[in-house]
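The file work.pdb comes next; it holds PDB, C-alpha atoms and all ligand atoms.
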MODEL        1
ATOM      1  CA  MET A   1     -25.047  -8.432 162.219
ATOM      2  CA  SER A   2     -26.507  -5.642 164.367
ATOM      3  CA  GLU A   3     -26.099  -5.554 168.129
ATOM      4  CA  GLN A   4     -29.860  -5.744 168.482
ATOM      5  CA  GLN A   5     -30.233  -8.827 166.289
ATOM      6  CA  ASP A   6     -31.116 -11.997 168.121
ATOM      7  CA  HIS A   7     -28.012 -14.185 168.159
ATOM      8  CA  ALA A   8     -30.200 -17.259 168.135
ATOM      9  CA  GLY A   9     -31.166 -16.534 164.522
ATOM     10  CA  ALA A  10     -27.637 -16.051 163.243
ATOM     11  CA  GLN A  11     -26.335 -18.242 160.421
ATOM     12  CA  VAL A  12     -22.753 -19.336 161.035
ATOM     13  CA  ALA A  13     -20.135 -20.554 158.569
ATOM     14  CA  VAL A  14     -17.155 -22.400 160.025
ATOM     15  CA  LEU A  15     -14.337 -22.278 157.466
ATOM     16  CA  GLY A  16     -12.000 -25.224 158.109
ATOM     17  CA  GLY A  17     -13.253 -28.390 159.742
ATOM     18  CA  GLY A  18     -10.093 -29.577 161.472
ATOM     19  CA  VAL A  19      -9.392 -29.869 165.195
ATOM     20  CA  MET A  20     -10.426 -26.332 166.084
ATOM     21  CA  GLY A  21     -13.197 -26.090 163.481
ATOM     22  CA  GLU A  22     -14.867 -29.155 164.946
ATOM     23  CA  THR A  23     -14.414 -27.770 168.460
ATOM     24  CA  LEU A  24     -16.179 -24.547 167.434
ATOM     25  CA  LEU A  25     -18.882 -26.492 165.613
ATOM     26  CA  ALA A  26     -19.599 -28.568 168.713
ATOM     27  CA  ALA A  27     -19.575 -25.401 170.851
ATOM     28  CA  LEU A  28     -22.126 -23.706 168.578
ATOM     29  CA  LEU A  29     -24.478 -26.673 168.714
ATOM     30  CA  ALA A  30     -24.073 -26.951 172.484
ATOM     31  CA  SER A  31     -24.762 -23.266 173.052
ATOM     32  CA  GLY A  32     -28.077 -23.157 171.254
ATOM     33  CA  TRP A  33     -27.417 -22.964 167.519
ATOM     34  CA  SER A  34     -29.356 -25.574 165.574
ATOM     35  CA  SER A  35     -27.644 -27.769 163.003
ATOM     36  CA  HIS A  36     -29.424 -26.049 160.098
ATOM     37  CA  GLN A  37     -27.938 -22.697 161.172
ATOM     38  CA  VAL A  38     -24.346 -23.907 160.955
ATOM     39  CA  GLU A  39     -22.310 -25.054 157.983
ATOM     40  CA  VAL A  40     -18.703 -26.104 157.653
ATOM     41  CA  THR A  41     -16.367 -25.814 154.699
ATOM     42  CA  GLU A  42     -13.559 -28.309 154.486
ATOM     43  CA  GLN A  43     -11.155 -29.403 151.769
ATOM     44  CA  SER A  44     -11.146 -33.100 152.518
ATOM     45  CA  VAL A  45     -14.292 -34.877 151.288
ATOM     46  CA  ALA A  46     -13.831 -37.682 153.803
ATOM     47  CA  ARG A  47     -13.592 -35.193 156.651
ATOM     48  CA  SER A  48     -16.632 -33.260 155.343
ATOM     49  CA  ASP A  49     -18.685 -36.433 155.225
ATOM     50  CA  ASP A  50     -17.519 -37.386 158.688
ATOM     51  CA  LEU A  51     -18.577 -34.009 160.168
ATOM     52  CA  ALA A  52     -21.884 -34.030 158.275
ATOM     53  CA  GLY A  53     -22.615 -37.528 159.565
ATOM     54  CA  ARG A  54     -21.797 -36.817 163.189
ATOM     55  CA  TYR A  55     -23.246 -33.299 163.541
ATOM     56  CA  ALA A  56     -25.973 -33.262 160.858
ATOM     57  CA  VAL A  57     -24.701 -29.926 159.514
ATOM     58  CA  ARG A  58     -24.289 -28.846 155.910
ATOM     59  CA  THR A  59     -20.716 -29.294 154.716
ATOM     60  CA  GLY A  60     -18.804 -29.073 151.504
ATOM     61  CA  ALA A  61     -19.785 -25.659 150.173
ATOM     62  CA  ARG A  62     -17.082 -23.337 148.911
ATOM     63  CA  ASN A  63     -15.853 -20.761 151.416
ATOM     64  CA  ALA A  64     -17.386 -17.915 149.415
ATOM     65  CA  THR A  65     -20.775 -19.634 149.131
ATOM     66  CA  ALA A  66     -20.937 -20.360 152.851
ATOM     67  CA  ALA A  67     -19.686 -16.899 153.838
ATOM     68  CA  ALA A  68     -22.191 -15.172 151.551
ATOM     69  CA  ARG A  69     -25.136 -16.565 153.519
ATOM     70  CA  ALA A  70     -23.571 -16.194 156.985
ATOM     71  CA  ASP A  71     -24.048 -13.619 159.737
ATOM     72  CA  VAL A  72     -20.966 -14.960 161.486
ATOM     73  CA  VAL A  73     -17.904 -16.401 159.744
ATOM     74  CA  LEU A  74     -15.576 -18.428 161.956
ATOM     75  CA  ILE A  75     -12.144 -18.896 160.422
ATOM     76  CA  ALA A  76     -10.429 -22.082 161.590
ATOM     77  CA  VAL A  77      -7.860 -22.778 158.893
ATOM     78  CA  LYS A  78      -4.098 -22.663 159.408
ATOM     79  CA  PRO A  79      -2.530 -19.191 159.512
ATOM     80  CA  GLN A  80      -0.799 -19.905 156.185
ATOM     81  CA  VAL A  81      -4.190 -20.275 154.471
ATOM     82  CA  VAL A  82      -6.093 -17.390 156.069
ATOM     83  CA  GLY A  83      -4.999 -14.808 153.473
ATOM     84  CA  SER A  84      -6.380 -16.803 150.540
ATOM     85  CA  VAL A  85      -9.594 -17.559 152.456
ATOM     86  CA  LEU A  86     -10.087 -13.831 153.133
ATOM     87  CA  ASP A  87      -9.543 -13.073 149.457
ATOM     88  CA  GLU A  88     -12.274 -15.607 148.611
ATOM     89  CA  ILE A  89     -14.848 -14.284 151.066
ATOM     90  CA  ALA A  90     -14.194 -10.520 151.030
ATOM     91  CA  PRO A  91     -16.163  -9.825 147.822
ATOM     92  CA  VAL A  92     -19.277 -11.691 148.994
ATOM     93  CA  LEU A  93     -19.676 -10.763 152.664
ATOM     94  CA  ARG A  94     -22.973  -9.119 153.497
ATOM     95  CA  GLY A  95     -22.746  -5.836 155.426
ATOM     96  CA  GLY A  96     -22.575  -6.482 159.152
ATOM     97  CA  THR A  97     -21.261 -10.038 158.952
ATOM     98  CA  VAL A  98     -18.909 -10.659 161.865
ATOM     99  CA  VAL A  99     -15.608 -12.373 161.120
ATOM    100  CA  VAL A 100     -14.106 -14.366 163.977
ATOM    101  CA  SER A 101     -10.722 -16.025 163.647
ATOM    102  CA  VAL A 102      -8.862 -18.477 165.835
ATOM    103  CA  ALA A 103      -5.692 -18.375 163.736
ATOM    104  CA  ALA A 104      -2.518 -17.932 165.756
ATOM    105  CA  GLY A 105      -0.359 -14.898 165.182
ATOM    106  CA  LEU A 106      -2.210 -13.007 162.461
ATOM    107  CA  PRO A 107      -3.014  -9.477 163.613
ATOM    108  CA  LEU A 108      -6.453  -7.887 163.390
ATOM    109  CA  SER A 109      -5.046  -5.348 160.940
ATOM    110  CA  PHE A 110      -4.356  -8.217 158.511
ATOM    111  CA  TYR A 111      -8.070  -9.073 158.403
ATOM    112  CA  GLU A 112      -9.205  -5.468 158.338
ATOM    113  CA  ARG A 113      -6.952  -4.667 155.375
ATOM    114  CA  ARG A 114      -8.428  -7.509 153.307
ATOM    115  CA  LEU A 115     -12.092  -7.316 154.304
ATOM    116  CA  PRO A 116     -14.583  -4.569 153.384
ATOM    117  CA  THR A 117     -14.129  -1.391 155.427
ATOM    118  CA  GLY A 118     -16.036  -1.562 158.696
ATOM    119  CA  THR A 119     -16.183  -5.364 158.907
ATOM    120  CA  PRO A 120     -16.281  -6.351 162.587
ATOM    121  CA  VAL A 121     -13.441  -8.774 163.340
ATOM    122  CA  VAL A 122     -12.754 -10.615 166.592
ATOM    123  CA  ARG A 123      -9.622 -12.668 167.244
ATOM    124  CA  VAL A 124      -9.962 -15.669 169.529
ATOM    125  CA  MET A 125      -7.256 -17.868 171.013
ATOM    126  CA  PRO A 126      -8.988 -21.016 172.286
ATOM    127  CA  ASN A 127      -7.476 -24.314 173.401
ATOM    128  CA  THR A 128      -8.369 -27.978 172.967
ATOM    129  CA  PRO A 129      -9.766 -28.648 176.475
ATOM    130  CA  ALA A 130     -12.732 -26.677 175.080
ATOM    131  CA  VAL A 131     -13.866 -30.050 173.740
ATOM    132  CA  VAL A 132     -14.718 -31.118 177.301
ATOM    133  CA  GLY A 133     -15.921 -27.706 178.496
ATOM    134  CA  LYS A 134     -12.649 -26.994 180.317
ATOM    135  CA  GLY A 135     -11.080 -24.647 177.812
ATOM    136  CA  ALA A 136      -9.573 -21.218 178.334
ATOM    137  CA  SER A 137     -10.035 -18.703 175.528
ATOM    138  CA  ALA A 138      -9.015 -15.097 175.113
ATOM    139  CA  ILE A 139     -10.764 -12.724 172.735
ATOM    140  CA  ALA A 140      -9.714  -9.349 171.327
ATOM    141  CA  PRO A 141     -11.866  -6.992 169.229
ATOM    142  CA  GLY A 142     -10.963  -5.296 165.977
ATOM    143  CA  SER A 143     -11.608  -1.615 165.379
ATOM    144  CA  ALA A 144     -15.199  -2.151 164.149
ATOM    145  CA  ALA A 145     -16.170  -4.806 166.703
ATOM    146  CA  SER A 146     -18.636  -3.618 169.328
ATOM    147  CA  GLU A 147     -19.603  -4.809 172.784
ATOM    148  CA  GLY A 148     -22.436  -6.721 171.089
ATOM    149  CA  HIS A 149     -20.000  -8.568 168.857
ATOM    150  CA  LEU A 150     -17.863  -9.570 171.852
ATOM    151  CA  VAL A 151     -20.993 -10.793 173.648
ATOM    152  CA  LEU A 152     -21.863 -12.848 170.564
ATOM    153  CA  VAL A 153     -18.418 -14.470 170.543
ATOM    154  CA  GLU A 154     -18.679 -15.108 174.287
ATOM    155  CA  LYS A 155     -22.009 -16.819 173.632
ATOM    156  CA  ILE A 156     -20.457 -19.017 170.947
ATOM    157  CA  LEU A 157     -17.704 -19.991 173.404
ATOM    158  CA  SER A 158     -19.995 -20.216 176.424
ATOM    159  CA  THR A 159     -19.956 -24.013 176.644
ATOM    160  CA  THR A 160     -16.216 -24.322 176.068
ATOM    161  CA  GLY A 161     -14.953 -23.031 179.425
ATOM    162  CA  LEU A 162     -13.495 -19.727 180.558
ATOM    163  CA  VAL A 163     -13.382 -16.727 178.227
ATOM    164  CA  PHE A 164     -11.187 -13.700 178.948
ATOM    165  CA  ARG A 165     -11.205 -10.369 177.151
ATOM    166  CA  VAL A 166      -7.679  -9.151 176.421
ATOM    167  CA  ALA A 167      -5.918  -6.480 174.419
ATOM    168  CA  GLU A 168      -4.619  -7.760 171.097
ATOM    169  CA  LYS A 169      -1.006  -7.124 172.149
ATOM    170  CA  ASP A 170      -1.378  -9.894 174.747
ATOM    171  CA  LEU A 171      -2.529 -12.609 172.352
ATOM    172  CA  ASP A 172       0.968 -13.925 171.554
ATOM    173  CA  ALA A 173       1.522 -14.484 175.284
ATOM    174  CA  VAL A 174      -1.934 -16.047 175.663
ATOM    175  CA  THR A 175      -1.117 -18.368 172.767
ATOM    176  CA  ALA A 176       2.089 -19.398 174.557
ATOM    177  CA  ILE A 177       0.348 -20.134 177.869
ATOM    178  CA  SER A 178      -3.173 -21.419 177.201
ATOM    179  CA  GLY A 179      -3.247 -21.948 173.414
ATOM    180  CA  SER A 180      -0.219 -24.239 173.289
ATOM    181  CA  GLY A 181      -0.336 -24.974 177.027
ATOM    182  CA  PRO A 182      -2.358 -28.205 176.834
ATOM    183  CA  ALA A 183       0.618 -29.724 174.992
ATOM    184  CA  TYR A 184       2.859 -28.905 177.969
ATOM    185  CA  ALA A 185       0.352 -30.542 180.325
ATOM    186  CA  PHE A 186       0.112 -33.659 178.131
ATOM    187  CA  TYR A 187       3.905 -33.745 177.985
ATOM    188  CA  LEU A 188       3.979 -33.743 181.791
ATOM    189  CA  ILE A 189       1.306 -36.446 182.005
ATOM    190  CA  ASP A 190       3.180 -38.616 179.529
ATOM    191  CA  ALA A 191       6.464 -38.162 181.420
ATOM    192  CA  MET A 192       4.834 -39.005 184.762
ATOM    193  CA  ALA A 193       3.201 -42.104 183.304
ATOM    194  CA  GLU A 194       6.492 -43.220 181.753
ATOM    195  CA  ALA A 195       8.202 -42.732 185.106
ATOM    196  CA  GLY A 196       5.541 -44.891 186.742
ATOM    197  CA  VAL A 197       6.243 -47.661 184.238
ATOM    198  CA  LEU A 198       9.969 -47.313 184.918
ATOM    199  CA  LEU A 199       9.208 -47.770 188.612
ATOM    200  CA  GLY A 200       7.273 -50.955 187.890
ATOM    201  CA  LEU A 201       3.618 -49.896 187.611
ATOM    202  CA  PRO A 202       1.410 -51.295 184.844
ATOM    203  CA  ARG A 203       1.132 -48.646 182.073
ATOM    204  CA  ASP A 204      -2.629 -48.266 182.356
ATOM    205  CA  LEU A 205      -2.469 -47.660 186.112
ATOM    206  CA  ALA A 206       0.498 -45.281 185.725
ATOM    207  CA  THR A 207      -1.357 -43.256 183.090
ATOM    208  CA  ARG A 208      -4.582 -43.078 185.090
ATOM    209  CA  LEU A 209      -2.667 -41.987 188.183
ATOM    210  CA  ALA A 210      -0.838 -39.285 186.210
ATOM    211  CA  VAL A 211      -4.030 -37.967 184.570
ATOM    212  CA  ALA A 212      -5.963 -37.944 187.851
ATOM    213  CA  THR A 213      -3.110 -36.217 189.652
ATOM    214  CA  VAL A 214      -2.809 -33.407 187.099
ATOM    215  CA  GLU A 215      -6.592 -33.035 186.901
ATOM    216  CA  GLY A 216      -6.950 -33.007 190.702
ATOM    217  CA  SER A 217      -4.091 -30.563 191.168
ATOM    218  CA  ALA A 218      -5.600 -28.163 188.624
ATOM    219  CA  ALA A 219      -8.998 -28.417 190.325
ATOM    220  CA  LEU A 220      -7.422 -27.767 193.744
ATOM    221  CA  ALA A 221      -5.515 -24.743 192.433
ATOM    222  CA  ALA A 222      -8.670 -23.367 190.805
ATOM    223  CA  GLN A 223     -10.982 -23.974 193.745
ATOM    224  CA  SER A 224      -8.675 -22.977 196.600
ATOM    225  CA  GLY A 225      -7.273 -19.902 194.881
ATOM    226  CA  ASP A 226      -4.070 -20.531 196.830
ATOM    227  CA  HIS A 227      -0.731 -19.676 195.262
ATOM    228  CA  PRO A 228       0.853 -22.703 193.527
ATOM    229  CA  VAL A 229       3.887 -22.415 195.802
ATOM    230  CA  VAL A 230       1.665 -22.739 198.905
ATOM    231  CA  LEU A 231      -0.044 -25.783 197.392
ATOM    232  CA  ARG A 232       3.338 -27.309 196.568
ATOM    233  CA  GLU A 233       4.593 -26.706 200.105
ATOM    234  CA  ARG A 234       1.545 -28.577 201.468
ATOM    235  CA  VAL A 235       2.634 -31.663 199.553
ATOM    236  CA  SER A 236       6.204 -31.364 200.799
ATOM    237  CA  SER A 237       6.684 -33.061 204.183
ATOM    238  CA  PRO A 238       9.929 -32.114 205.933
ATOM    239  CA  GLY A 239      12.688 -34.484 204.887
ATOM    240  CA  GLY A 240      10.201 -36.350 202.714
ATOM    241  CA  THR A 241       9.785 -37.605 199.177
ATOM    242  CA  THR A 242       8.445 -34.445 197.528
ATOM    243  CA  VAL A 243      11.347 -32.141 198.401
ATOM    244  CA  ALA A 244      13.674 -34.817 197.062
ATOM    245  CA  ALA A 245      11.697 -34.879 193.799
ATOM    246  CA  VAL A 246      11.383 -31.099 193.391
ATOM    247  CA  ARG A 247      15.132 -30.675 193.952
ATOM    248  CA  GLU A 248      15.618 -32.902 190.887
ATOM    249  CA  LEU A 249      13.137 -30.852 188.832
ATOM    250  CA  ASP A 250      15.154 -27.742 189.676
ATOM    251  CA  ALA A 251      18.494 -29.479 189.025
ATOM    252  CA  HIS A 252      17.225 -30.566 185.573
ATOM    253  CA  GLY A 253      16.066 -27.070 184.704
ATOM    254  CA  VAL A 254      12.404 -27.996 184.279
ATOM    255  CA  ARG A 255      11.143 -24.561 185.322
ATOM    256  CA  ALA A 256      13.582 -22.842 182.968
ATOM    257  CA  GLY A 257      12.521 -25.271 180.243
ATOM    258  CA  ILE A 258       8.871 -24.312 180.630
ATOM    259  CA  VAL A 259       9.701 -20.604 180.514
ATOM    260  CA  ALA A 260      11.844 -21.136 177.407
ATOM    261  CA  ALA A 261       9.080 -23.206 175.782
ATOM    262  CA  ALA A 262       6.505 -20.470 176.336
ATOM    263  CA  GLN A 263       8.933 -17.840 175.036
ATOM    264  CA  ALA A 264       9.482 -19.925 171.890
ATOM    265  CA  ALA A 265       5.724 -20.267 171.362
ATOM    266  CA  ALA A 266       5.176 -16.499 171.713
ATOM    267  CA  ASP A 267       8.077 -15.817 169.336
ATOM    268  CA  ARG A 268       6.624 -18.271 166.819
ATOM    269  CA  SER A 269       3.203 -16.638 167.114
ATOM    270  CA  ARG A 270       4.742 -13.247 166.286
ATOM    271  CA  GLU A 271       6.713 -14.838 163.472
ATOM    272  CA  LEU A 272       3.544 -16.381 161.972
ATOM    273  CA  GLY A 273       2.038 -12.903 162.081
ATOM    274  CA  SER A 274       4.891 -11.279 160.182
ATOM    275  CA  GLN A 275       5.456 -14.241 157.843
ATOM    276  CA  TYR A 276       1.890 -14.698 156.653
ATOM    277  CA  ALA A 277       0.395 -11.274 157.253
ATOM    278  CA  GLY A 278       3.008  -9.883 154.895
TER     279      GLY A 278
HETATM  280  N1  LIG A 301      -5.260 -26.982 167.506
HETATM  281  C1  LIG A 301      -5.214 -26.101 168.500
HETATM  282  O1  LIG A 301      -5.009 -26.463 169.686
HETATM  283  C2  LIG A 301      -5.442 -24.652 168.242
HETATM  284  C3  LIG A 301      -5.485 -24.147 166.948
HETATM  285  N2  LIG A 301      -5.688 -22.812 166.742
HETATM  286  C4  LIG A 301      -5.766 -22.280 165.382
HETATM  287  O2  LIG A 301      -6.796 -22.952 164.724
HETATM  288  C5  LIG A 301      -6.522 -22.978 163.329
HETATM  289  C6  LIG A 301      -6.755 -24.374 162.817
HETATM  290  O3  LIG A 301      -5.843 -25.227 163.484
HETATM  291  P1  LIG A 301      -6.140 -26.769 163.645
HETATM  292  O4  LIG A 301      -7.606 -26.987 163.790
HETATM  293  O5  LIG A 301      -5.205 -27.273 164.664
HETATM  294  O6  LIG A 301      -5.666 -27.270 162.201
HETATM  295  P2  LIG A 301      -6.249 -28.434 161.313
HETATM  296  O7  LIG A 301      -5.226 -28.708 160.262
HETATM  297  O8  LIG A 301      -6.736 -29.554 162.158
HETATM  298  O9  LIG A 301      -7.540 -27.760 160.641
HETATM  299  C7  LIG A 301      -7.532 -26.924 159.535
HETATM  300  C8  LIG A 301      -8.567 -27.475 158.577
HETATM  301  O10 LIG A 301      -8.783 -26.546 157.517
HETATM  302  C9  LIG A 301      -8.867 -27.280 156.316
HETATM  303  N3  LIG A 301      -8.550 -26.379 155.206
HETATM  304  C10 LIG A 301      -7.347 -26.147 154.609
HETATM  305  N4  LIG A 301      -7.476 -25.225 153.632
HETATM  306  C11 LIG A 301      -8.793 -24.877 153.613
HETATM  307  C12 LIG A 301      -9.541 -23.974 152.825
HETATM  308  N5  LIG A 301      -8.968 -23.241 151.872
HETATM  309  N6  LIG A 301     -10.872 -23.849 153.101
HETATM  310  C13 LIG A 301     -11.461 -24.579 154.066
HETATM  311  N7  LIG A 301     -10.791 -25.467 154.844
HETATM  312  C14 LIG A 301      -9.476 -25.609 154.620
HETATM  313  C15 LIG A 301      -7.849 -28.372 156.495
HETATM  314  O11 LIG A 301      -8.066 -29.405 155.558
HETATM  315  P3  LIG A 301      -6.786 -30.266 155.059
HETATM  316  O12 LIG A 301      -6.215 -30.915 156.271
HETATM  317  O13 LIG A 301      -7.406 -31.219 154.099
HETATM  318  O14 LIG A 301      -5.829 -29.267 154.446
HETATM  319  C16 LIG A 301      -8.105 -28.777 157.931
HETATM  320  O15 LIG A 301      -9.142 -29.735 158.033
HETATM  321  C17 LIG A 301      -5.096 -22.489 163.138
HETATM  322  O16 LIG A 301      -5.112 -21.204 162.587
HETATM  323  C18 LIG A 301      -4.511 -22.494 164.540
HETATM  324  O17 LIG A 301      -3.583 -21.449 164.725
HETATM  325  C19 LIG A 301      -5.875 -21.944 167.787
HETATM  326  C20 LIG A 301      -5.838 -22.383 169.064
HETATM  327  C21 LIG A 301      -5.587 -23.769 169.412
HETATM  328  O1  LIG A 302       0.315 -24.916 167.509
HETATM  329  C1  LIG A 302      -0.343 -23.974 167.044
HETATM  330  O2  LIG A 302       0.157 -23.189 166.222
HETATM  331  C2  LIG A 302      -1.763 -23.770 167.493
HETATM  332  C3  LIG A 302      -1.969 -22.419 168.103
HETATM  333  C4  LIG A 302      -2.084 -22.660 169.577
HETATM  334  C5  LIG A 302      -2.207 -24.113 169.687
HETATM  335  N1  LIG A 302      -2.085 -24.701 168.548
ENDMDL
END
Hey, can you dump this file as structure tokens for me?
Ligand SMILES: NC(=O)C1=CN([C@@H]2O[C@H](COP(=O)(O)OP(=O)(O)OC[C@H]3O[C@@H](n4cnc5c(N)ncnc54)[C@H](OP(=O)(O)O)[C@@H]3O)[C@@H](O)[C@H]2O)C=CC1
Ligand SMILES: O=C(O)[C@@H]1CCC=N1
Amino acid sequence: MSEQQDHAGAQVAVLGGGVMGETLLAALLASGWSSHQVEVTEQSVARSDDLAGRYAVRTGARNATAAARADVVLIAVKPQVVGSVLDEIAPVLRGGTVVVSVAAGLPLSFYERRLPTGTPVVRVMPNTPAVVGKGASAIAPGSAASEGHLVLVEKILSTTGLVFRVAEKDLDAVTAISGSGPAYAFYLIDAMAEAGVLLGLPRDLATRLAVATVEGSAALAAQSGDHPVVLRERVSSPGGTTVAAVRELDAHGVRAGIVAAAQAAADRSRELGSQYAG
């Protein structure tokens, strides 16, 4: 696809209709693509039918068939499967088709080796809050991707939340913080809700309090721009309840646990890259 071409006319093939494929599909439709411009390939017939029913898009074609008629191919299969998908689509891609992948770990060079020389490739690391327009994505261009291709990807992601441009070397760290990060936040919410139940609150109230507290705290951090430590100090009355609680978080190594979790995620991202990029 040329930089001058109107993005609004671009045909898009989403390969893989799982959690992230559906998120991208919804983002495309929300950001101006019409349902007849988007198709999804998916192995499960039940899942294909479900997506076709809810989004009125074409589903079920083979990867190669869908990619052959696309200006933009969005790869949303597991990293383990990306190599075989690239082998299917490489022979049929039209010149100029942009390949965008959300797969964790796999380096741009992996795509560029398997696709026709000069194929523009963009790696994206999104996250699931994109479903409600509160996502954080990072994008990194391959050697043939231009400013116009990055703008196109930003347009696709425009309804999903924030989009940051990064160097590819930072994507493992991004994956560890924002890609996997929603799981850490849900873990915290679940633990807070469970604690509320332990302290005698009804589960529904405990869960709603935990969700609202995490949501409100994130909004306050984003809107105030204040350092998280300053915001934490504002909650902590001298000799009060919060300092007593935070002392326990420190004593139980929660901060160290979060750092170790993120390190493990980044390590796993690199490992996926070397394991499946071969
Ligand atoms: N979930 C997340 O929060 C994030 C995921 N990602 C990345 O997104 C990608 C997809 O992850 P996720 O959506 O969670 O995984 P899912 O398993 O939900 O989705 C993958 C989908 O691809 C389908 N599929 C498998 N093989 C093929 C094939 N050959 N052709 C077409 N479709 C196929 C699967 O079908 P079936 O189940 O029948 O095999 C499944 O529906 C991964 O590479 C991951 O790294 C990136 C950022 C965040
Ligand atoms: O768990 C995973 O591998 C994917 C990538 C980031 C979030 N989910």
For ligand LIG 302 (chain A), what centre and edge lengths in Å (one decimal) does the axis-aligned box get once 6 Å is added on each side of all its listed atoms, as AutoDock Vina command-line options?
--center_x -0.9 --center_y -23.7 --center_z 168.0 --size_x 14.5 --size_y 14.5 --size_z 15.5
Q | Residues selected by the PyMOL selection byres (((not hetatm)) within 7 of (chain A and resi 301)), written as a PyMOL selection string | A | chain A and resi 15-21+41-44+63+76-79+81+85+102-104+125-128+179-180
Q: Kindly indicate which residue among A:Ser269, A:Ser34, A:Ser237, A:Ser48 lies nearest to ligand LIG 302 (chain A), using only C-alpha atoms and all ligand atoms for the distances.
A: A:Ser269
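Residue nearest ligand LIG 302 (chain A), chosen from A:Gly225, A:Gly273, A:Gly253, A:Pro91 and counting only C-alpha atoms and all ligand atoms: A:Gly273.
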Q) In terms of the shortest atom-to-atom distance over only C-alpha atoms and all ligand atoms, which of A:Tyr187, A:Asp172, A:Glu112, A:Val14 is closest to ligand LIG 302 (chain A)? A) A:Asp172
**Q.** Residue among A:Val235, A:Val214, A:Met192, A:Ala136 lying closest to ligand LIG 302 (chain A), counting only C-alpha atoms and all ligand atoms
**A.** A:Ala136
Q: Would you please work out which residue, of A:Pro182, A:Arg208, A:Ile75, A:Val166, is nearest to ligand LIG 302 (chain A) when using all atoms listed in the file?
A: A:Pro182
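Atom CA of Ala222 of chain A sits 20.2 Å away from atom CA of Thr175 of chain A.
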**Q.** Interatomic distance, atom CA of Ala90 of chain A to atom CA of Ala144 of chain A (Å, one decimal)
**A.** 15.6 Å
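Taking atom CA of Ala266 of chain A as the reference point, atom CA of Ala176 of chain A is found at 5.1 Å.
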Which polymer residues have any atom within 12 Å of an atom of Ser146 of chain A, counting only C-alpha atoms, with same-chain residues fewer than 2 positions away left out, as an mmCIF file with C-alpha atoms, keeping the file's coordinate frame?
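The resulting file, out_5.cif, is reproduced below:
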data_model
loop_
_atom_site.group_PDB
_atom_site.id
_atom_site.type_symbol
_atom_site.label_atom_id
_atom_site.label_comp_id
_atom_site.auth_asym_id
_atom_site.auth_seq_id
_atom_site.Cartn_x
_atom_site.Cartn_y
_atom_site.Cartn_z
ATOM 1 C CA MET A 1 -25.047 -8.432 162.219
ATOM 2 C CA SER A 2 -26.507 -5.642 164.367
ATOM 3 C CA GLU A 3 -26.099 -5.554 168.129
ATOM 4 C CA GLN A 4 -29.860 -5.744 168.482
ATOM 5 C CA GLY A 96 -22.575 -6.482 159.152
ATOM 6 C CA VAL A 98 -18.909 -10.659 161.865
ATOM 7 C CA GLY A 118 -16.036 -1.562 158.696
ATOM 8 C CA THR A 119 -16.183 -5.364 158.907
ATOM 9 C CA PRO A 120 -16.281 -6.351 162.587
ATOM 10 C CA VAL A 121 -13.441 -8.774 163.340
ATOM 11 C CA VAL A 122 -12.754 -10.615 166.592
ATOM 12 C CA ALA A 140 -9.714 -9.349 171.327
ATOM 13 C CA PRO A 141 -11.866 -6.992 169.229
ATOM 14 C CA GLY A 142 -10.963 -5.296 165.977
ATOM 15 C CA SER A 143 -11.608 -1.615 165.379
ATOM 16 C CA ALA A 144 -15.199 -2.151 164.149
ATOM 17 C CA GLY A 148 -22.436 -6.721 171.089
ATOM 18 C CA HIS A 149 -20.000 -8.568 168.857
ATOM 19 C CA LEU A 150 -17.863 -9.570 171.852
ATOM 20 C CA VAL A 151 -20.993 -10.793 173.648
ATOM 21 C CA LEU A 152 -21.863 -12.848 170.564
ATOM 22 C CA VAL A 153 -18.418 -14.470 170.543
#
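Remark: for ligand LIG 302 (chain A), the closest of the candidate residues A:Arg69, A:His252, A:Arg62, A:Arg268 is A:Arg268 (distances computed over only C-alpha atoms and all ligand atoms).
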Q: Extract, using all atoms listed in the file, all DNA, RNA and protein residues at most 9 Å from Ala61 of chain A, discarding same-chain residues fewer than 2 positions from it, and format them as a PyMOL selection string.
A: chain A and resi 39-42+58-59+63-66
